[in-house]
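Participant: Sharing a structure here in structure tokens format.
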Amino acid sequence: MSDEPLVSLENTEVHFEEESGLFDFSEPDVVRAVDGVSLDIGEQDVVALVGESGCGKTTLGKTAIGLQRPTGGSVTYRGQDIWDAKDNNGDVDIPYDDIRRSLQIIHQDPGSSLNPNRRVLGTLEAPLKKWQPDMSSGDRREEIVRMLEAVGMTPATDYAGRYPHQLSGGEQQRVALIRALLMDPDLILADEAISALDVSLRVDMMDLMLELQQQFNTSFVFVSHDLSNARYLASHAGGRIGVMYLGELIEIGPPEQIINDPQHPYTKVLRWATPDLRSTDKAEEPPVRKIDIPDPKNPPSGCRFHTRCPEAREACKADSPASYDQESGHRVRCFRADDDHDYWSSQPVTDDEPSAHASDATSD
Ligand code: SF4
């Protein structure tokens with residue numbers, strides 16, 4: 001990886017206002033989908049984002065590739081603020097169109113992202129026509145055949161003539177991957193890209209992504225609810241696993257450290273909940289005080305995990321932990337990473353008291 005990040009998120013927030021009813025004049029609820037996340041993504045980097053449903057991992061991924069406008073903080077591509085480029089604000093060094101081409105996505109359901117009325121050839125010609133208008137039709141077809149062969153869809157000329165419904169789910173996802181790669185992107189967001197595939201095909205698809213990542217020098221942000229898949233991809237690519245909880249990036253680091261030596265109590269819960277990884281964590285009960293996930297419209301005050309955390313102390317209710325650096329790029333948002341923090345002298349939280357929420361501080 002070069003020193004300059006490819007994409008950099010700095011204290012990024014994405015807050016959504018929920019729609020109110022026609023005659024509801026109260027203040028709309030705000031969902032803090034992403035809150036105060038800082039993350040650098042380098043060249044040929046792989047970051048696997050994991051967390052429970054609704055934790056904000058997909059929103060964070062879309063924000064990183066400029067598909068979601070942040071409501072706070074910044075997102076830059078090679079030092080250029082993506083939204084300044086889009087709005088033509090100030091001195092723009094990299095035009096928005098170039099940024100858009102460089103940051104691509106493949107979706108969870110390739111069937112719905114491919115035009116059902118277009119053959120594979122037409123689907124794959126479209127990005128080349130747009131981004132390389134000088135390319136001859138013969139060269140375009142040659143390039144498409146080469147890419148189909150590279151992802152194992154042979155005979156390529158046969159596949160080029162098929163419609164999406166004539167392809168399996170795995171083949172549709174390969175076409176979506178080729179379409180993204182034909183843009184010559186620097187970064188691809190794979191948003192739950194293997195979840196809809198049969199279990200038997202998932203490892204094949206991950207291997208293909210790893211192979212193409214090397215071949216095309218592309219970075220990947222891989223969004224998954226499965227820690228085991230995140231580990232597979234991140235460890236084979238020498239990348240990182242990032243763990244999200246209620247809109248915050250609570251731990252990030254090399255996969256073997258996250259799996260074998262998690263520092264955040266929530267990461268231990270995720271590991272416990274992943275059957276393939278359970279052998280390293282033999283407890284029968286989940287390591288949480290409460291199963292229920294708090295409402296993201298009214299998250300707990302202080303550390304957002306304090307209502308469920310078995311290690312929570314009074315200090316955790318009041319303040320939100322900073323991101324503490326560990327070794328080898330490992331970072332964790334938990335007071336337990338700071339030997340000098342008041343956490344260590346405060347009392348353990350008991351479940352008899354009502355939980356504190358962020359809104360309590362402003363409700364009077
Ligand atoms: S800061 Fe406190 S509540 Fe939060 S994860 Fe650490 S110990 Fe648990």
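Residue numbering restarts at 1 in every chain; chains get A, B, ... in the order shown in the structure tokens, and ligands count up from 1 in that same order.
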As number ranges by chain, please: the residues near Gly61 (chain A) (cut-off 9 Å, only C-alpha atoms, same-chain neighbours under 6 positions excluded).
Facilitator: A: 49, 67-68, 189-191, 221-223
Participant: For the residues in the current selection, export C-alpha atoms as an mmCIF file, in the first residue's frame.
Facilitator:
```cif
data_model
loop_
_atom_site.group_PDB
_atom_site.id
_atom_site.type_symbol
_atom_site.label_atom_id
_atom_site.label_comp_id
_atom_site.auth_asym_id
_atom_site.auth_seq_id
_atom_site.Cartn_x
_atom_site.Cartn_y
_atom_site.Cartn_z
ATOM 1 C CA LEU A 49 -16.885 -4.936 7.503
ATOM 2 C CA LEU A 67 -22.926 6.555 -3.161
ATOM 3 C CA GLN A 68 -24.160 7.947 0.149
ATOM 4 C CA LEU A 189 -17.677 -2.391 -2.565
ATOM 5 C CA ALA A 190 -18.948 -5.983 -2.422
ATOM 6 C CA ASP A 191 -22.172 -5.550 -0.468
ATOM 7 C CA VAL A 221 -14.564 -3.294 0.924
ATOM 8 C CA PHE A 222 -16.421 -6.504 1.637
ATOM 9 C CA VAL A 223 -19.622 -6.151 3.682
#
```
Participant: Name the residues in contact with region 92-99 of chain A at a cut-off of 9 Å, using only C-alpha atoms, excluding same-chain residues fewer than 5 positions from it; report them as a list in words.
Facilitator: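 Within the cut-off, the hits are Ile65, Gly66, Tyr77, Arg78, Gly79, Gln80, Asp81, Ile82, Trp83, Asp84, Ala85, Lys86 and Asp87 of chain A.
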Participant: Those residues with N, CA, C and O atoms, as a PDB file, in the first residue's frame please?
Facilitator:
```
ATOM      1  N   ILE A  65     -17.663   4.765  -0.988  1.00  0.00           N
ATOM      2  CA  ILE A  65     -17.528   4.817  -2.452  1.00  0.00           C
ATOM      3  C   ILE A  65     -18.346   5.969  -3.056  1.00  0.00           C
ATOM      4  O   ILE A  65     -18.575   6.012  -4.261  1.00  0.00           O
ATOM      5  N   GLY A  66     -18.803   6.884  -2.225  1.00  0.00           N
ATOM      6  CA  GLY A  66     -19.469   8.087  -2.749  1.00  0.00           C
ATOM      7  C   GLY A  66     -20.886   7.864  -3.221  1.00  0.00           C
ATOM      8  O   GLY A  66     -21.427   8.681  -3.957  1.00  0.00           O
ATOM      9  N   TYR A  77     -11.226  10.985  -1.876  1.00  0.00           N
ATOM     10  CA  TYR A  77     -10.630  10.012  -2.789  1.00  0.00           C
ATOM     11  C   TYR A  77      -9.312  10.622  -3.257  1.00  0.00           C
ATOM     12  O   TYR A  77      -9.320  11.725  -3.832  1.00  0.00           O
ATOM     13  N   ARG A  78      -8.204   9.987  -2.951  1.00  0.00           N
ATOM     14  CA  ARG A  78      -6.860  10.500  -3.259  1.00  0.00           C
ATOM     15  C   ARG A  78      -6.727  11.966  -2.849  1.00  0.00           C
ATOM     16  O   ARG A  78      -6.220  12.806  -3.589  1.00  0.00           O
ATOM     17  N   GLY A  79      -7.279  12.295  -1.705  1.00  0.00           N
ATOM     18  CA  GLY A  79      -7.163  13.647  -1.155  1.00  0.00           C
ATOM     19  C   GLY A  79      -8.243  14.609  -1.612  1.00  0.00           C
ATOM     20  O   GLY A  79      -8.348  15.723  -1.092  1.00  0.00           O
ATOM     21  N   GLN A  80      -9.054  14.211  -2.594  1.00  0.00           N
ATOM     22  CA  GLN A  80     -10.124  15.081  -3.108  1.00  0.00           C
ATOM     23  C   GLN A  80     -11.436  14.764  -2.381  1.00  0.00           C
ATOM     24  O   GLN A  80     -11.871  13.594  -2.391  1.00  0.00           O
ATOM     25  N   ASP A  81     -12.041  15.787  -1.772  1.00  0.00           N
ATOM     26  CA  ASP A  81     -13.343  15.563  -1.134  1.00  0.00           C
ATOM     27  C   ASP A  81     -14.356  15.166  -2.225  1.00  0.00           C
ATOM     28  O   ASP A  81     -14.567  15.900  -3.199  1.00  0.00           O
ATOM     29  N   ILE A  82     -14.957  13.984  -2.050  1.00  0.00           N
ATOM     30  CA  ILE A  82     -15.833  13.442  -3.101  1.00  0.00           C
ATOM     31  C   ILE A  82     -17.032  14.368  -3.334  1.00  0.00           C
ATOM     32  O   ILE A  82     -17.423  14.632  -4.481  1.00  0.00           O
ATOM     33  N   TRP A  83     -17.595  14.917  -2.259  1.00  0.00           N
ATOM     34  CA  TRP A  83     -18.821  15.697  -2.423  1.00  0.00           C
ATOM     35  C   TRP A  83     -18.539  17.110  -2.883  1.00  0.00           C
ATOM     36  O   TRP A  83     -19.386  17.721  -3.529  1.00  0.00           O
ATOM     37  N   ASP A  84     -17.337  17.622  -2.587  1.00  0.00           N
ATOM     38  CA  ASP A  84     -16.935  18.901  -3.193  1.00  0.00           C
ATOM     39  C   ASP A  84     -16.807  18.720  -4.706  1.00  0.00           C
ATOM     40  O   ASP A  84     -17.182  19.603  -5.487  1.00  0.00           O
ATOM     41  N   ALA A  85     -16.251  17.567  -5.124  1.00  0.00           N
ATOM     42  CA  ALA A  85     -16.125  17.301  -6.567  1.00  0.00           C
ATOM     43  C   ALA A  85     -17.510  17.201  -7.197  1.00  0.00           C
ATOM     44  O   ALA A  85     -17.767  17.761  -8.272  1.00  0.00           O
ATOM     45  N   LYS A  86     -18.413  16.529  -6.523  1.00  0.00           N
ATOM     46  CA  LYS A  86     -19.767  16.351  -7.074  1.00  0.00           C
ATOM     47  C   LYS A  86     -20.481  17.709  -7.194  1.00  0.00           C
ATOM     48  O   LYS A  86     -21.161  17.990  -8.187  1.00  0.00           O
ATOM     49  N   ASP A  87     -20.303  18.563  -6.160  1.00  0.00           N
ATOM     50  CA  ASP A  87     -21.003  19.859  -6.140  1.00  0.00           C
ATOM     51  C   ASP A  87     -20.206  20.956  -6.839  1.00  0.00           C
ATOM     52  O   ASP A  87     -20.636  22.121  -6.836  1.00  0.00           O
TER      53      ASP A  87
END
```
Participant: Determine which residues of region 121-323 of chain A DSSP labels as strand (DSSP E) from the backbone of this structure, then write them out as a VMD selection string.
Facilitator: chain A and resid 187 to 191 219 to 224 240 to 245 248 to 253
Participant: Could you name the residues that touch region 69-73 of chain A at 10 Å or less, counting only C-alpha atoms, but leaving out those on the same chain fewer than 4 positions away, as an MDAnalysis selection string?
Facilitator: chainID A and resid 9:16 32 34:38 59:60 62:65 82:83
Participant: Any chance you can output those residues with C-alpha atoms as a short mmCIF file (atom, residue, chain, number, x, y, z; two decimals), in the first residue's frame?
Facilitator:
```
data_model
loop_
_atom_site.label_atom_id
_atom_site.label_comp_id
_atom_site.auth_asym_id
_atom_site.auth_seq_id
_atom_site.Cartn_x
_atom_site.Cartn_y
_atom_site.Cartn_z
CA LEU A 9 -13.21 8.78 5.94
CA GLU A 10 -12.69 11.33 8.69
CA ASN A 11 -15.14 11.42 11.58
CA THR A 12 -17.86 10.55 9.08
CA GLU A 13 -21.54 10.61 10.03
CA VAL A 14 -24.65 9.53 8.17
CA HIS A 15 -27.83 10.45 10.06
CA PHE A 16 -31.21 9.78 8.45
CA ARG A 32 -27.59 7.45 13.37
CA VAL A 34 -22.94 5.86 10.82
CA ASP A 35 -21.49 7.90 13.64
CA GLY A 36 -17.98 9.32 13.91
CA VAL A 37 -16.17 6.72 11.78
CA SER A 38 -12.59 7.34 10.66
CA THR A 59 -24.22 2.55 4.76
CA LEU A 60 -20.56 2.97 5.69
CA LYS A 62 -21.72 3.15 0.33
CA THR A 63 -20.38 6.31 1.96
CA ALA A 64 -16.81 5.17 1.27
CA ILE A 65 -17.53 4.82 -2.45
CA ILE A 82 -15.83 13.44 -3.10
CA TRP A 83 -18.82 15.70 -2.42
#
```
Participant: Within region 113-355 of chain A, find each residue whose DSSP state, derived from the backbone, is helix (DSSP H, G or I), and express the selection as a PyMOL selection string.
Facilitator: chain A and resi 113+120-131+137-150+156-160+164-166+169-181+199-216+227-237+255-260+265-272+275-280+314-318+335-337+342-345
Participant: Which is closest to Cys316 (chain A) among A:Val349, A:Pro262, A:Ser53, A:Pro286, if we use only C-alpha atoms?
Facilitator: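 Closest residue, counting only C-alpha atoms: A:Val349.
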Participant: 8 Å from ligand 1 is the threshold here; counting only C-alpha atoms and all ligand atoms, which polymer residues fall inside it? Answer as an MDAnalysis selection string.
Facilitator: chainID A and resid 264:266 302:313 315:317 320:321 333:336 343
Participant: Write the residues you've just listed into a file as a CSV table (one decimal), in the first residue's frame, and include C-alpha atoms for each of them.
Facilitator:
```
chain,number,residue,atom,x,y,z
A,264,HIS,CA,-13.8,-5.4,22.3
A,265,PRO,CA,-16.5,-7.4,24.2
A,266,TYR,CA,-18.8,-7.1,21.3
A,302,GLY,CA,-21.6,6.7,26.6
A,303,CYS,CA,-20.4,3.5,25.1
A,304,ARG,CA,-23.2,2.2,23.0
A,305,PHE,CA,-22.6,-1.4,24.0
A,306,HIS,CA,-22.9,-0.6,27.8
A,307,THR,CA,-26.5,-2.0,28.0
A,308,ARG,CA,-25.3,-5.4,26.9
A,309,CYS,CA,-21.7,-5.5,27.8
A,310,PRO,CA,-20.7,-8.0,30.5
A,311,GLU,CA,-17.7,-5.8,31.4
A,312,ALA,CA,-19.6,-2.5,31.6
A,313,ARG,CA,-18.9,-0.2,34.5
A,315,ALA,CA,-17.8,5.1,33.6
A,316,CYS,CA,-19.1,3.4,30.4
A,317,LYS,CA,-22.5,5.1,30.7
A,320,SER,CA,-18.0,7.4,24.6
A,321,PRO,CA,-14.6,5.6,24.3
A,333,ARG,CA,-13.1,1.6,21.1
A,334,CYS,CA,-13.3,0.3,24.7
A,335,PHE,CA,-12.0,1.8,27.9
A,336,ARG,CA,-10.4,-1.5,28.8
A,343,TYR,CA,-13.2,2.8,34.1
```
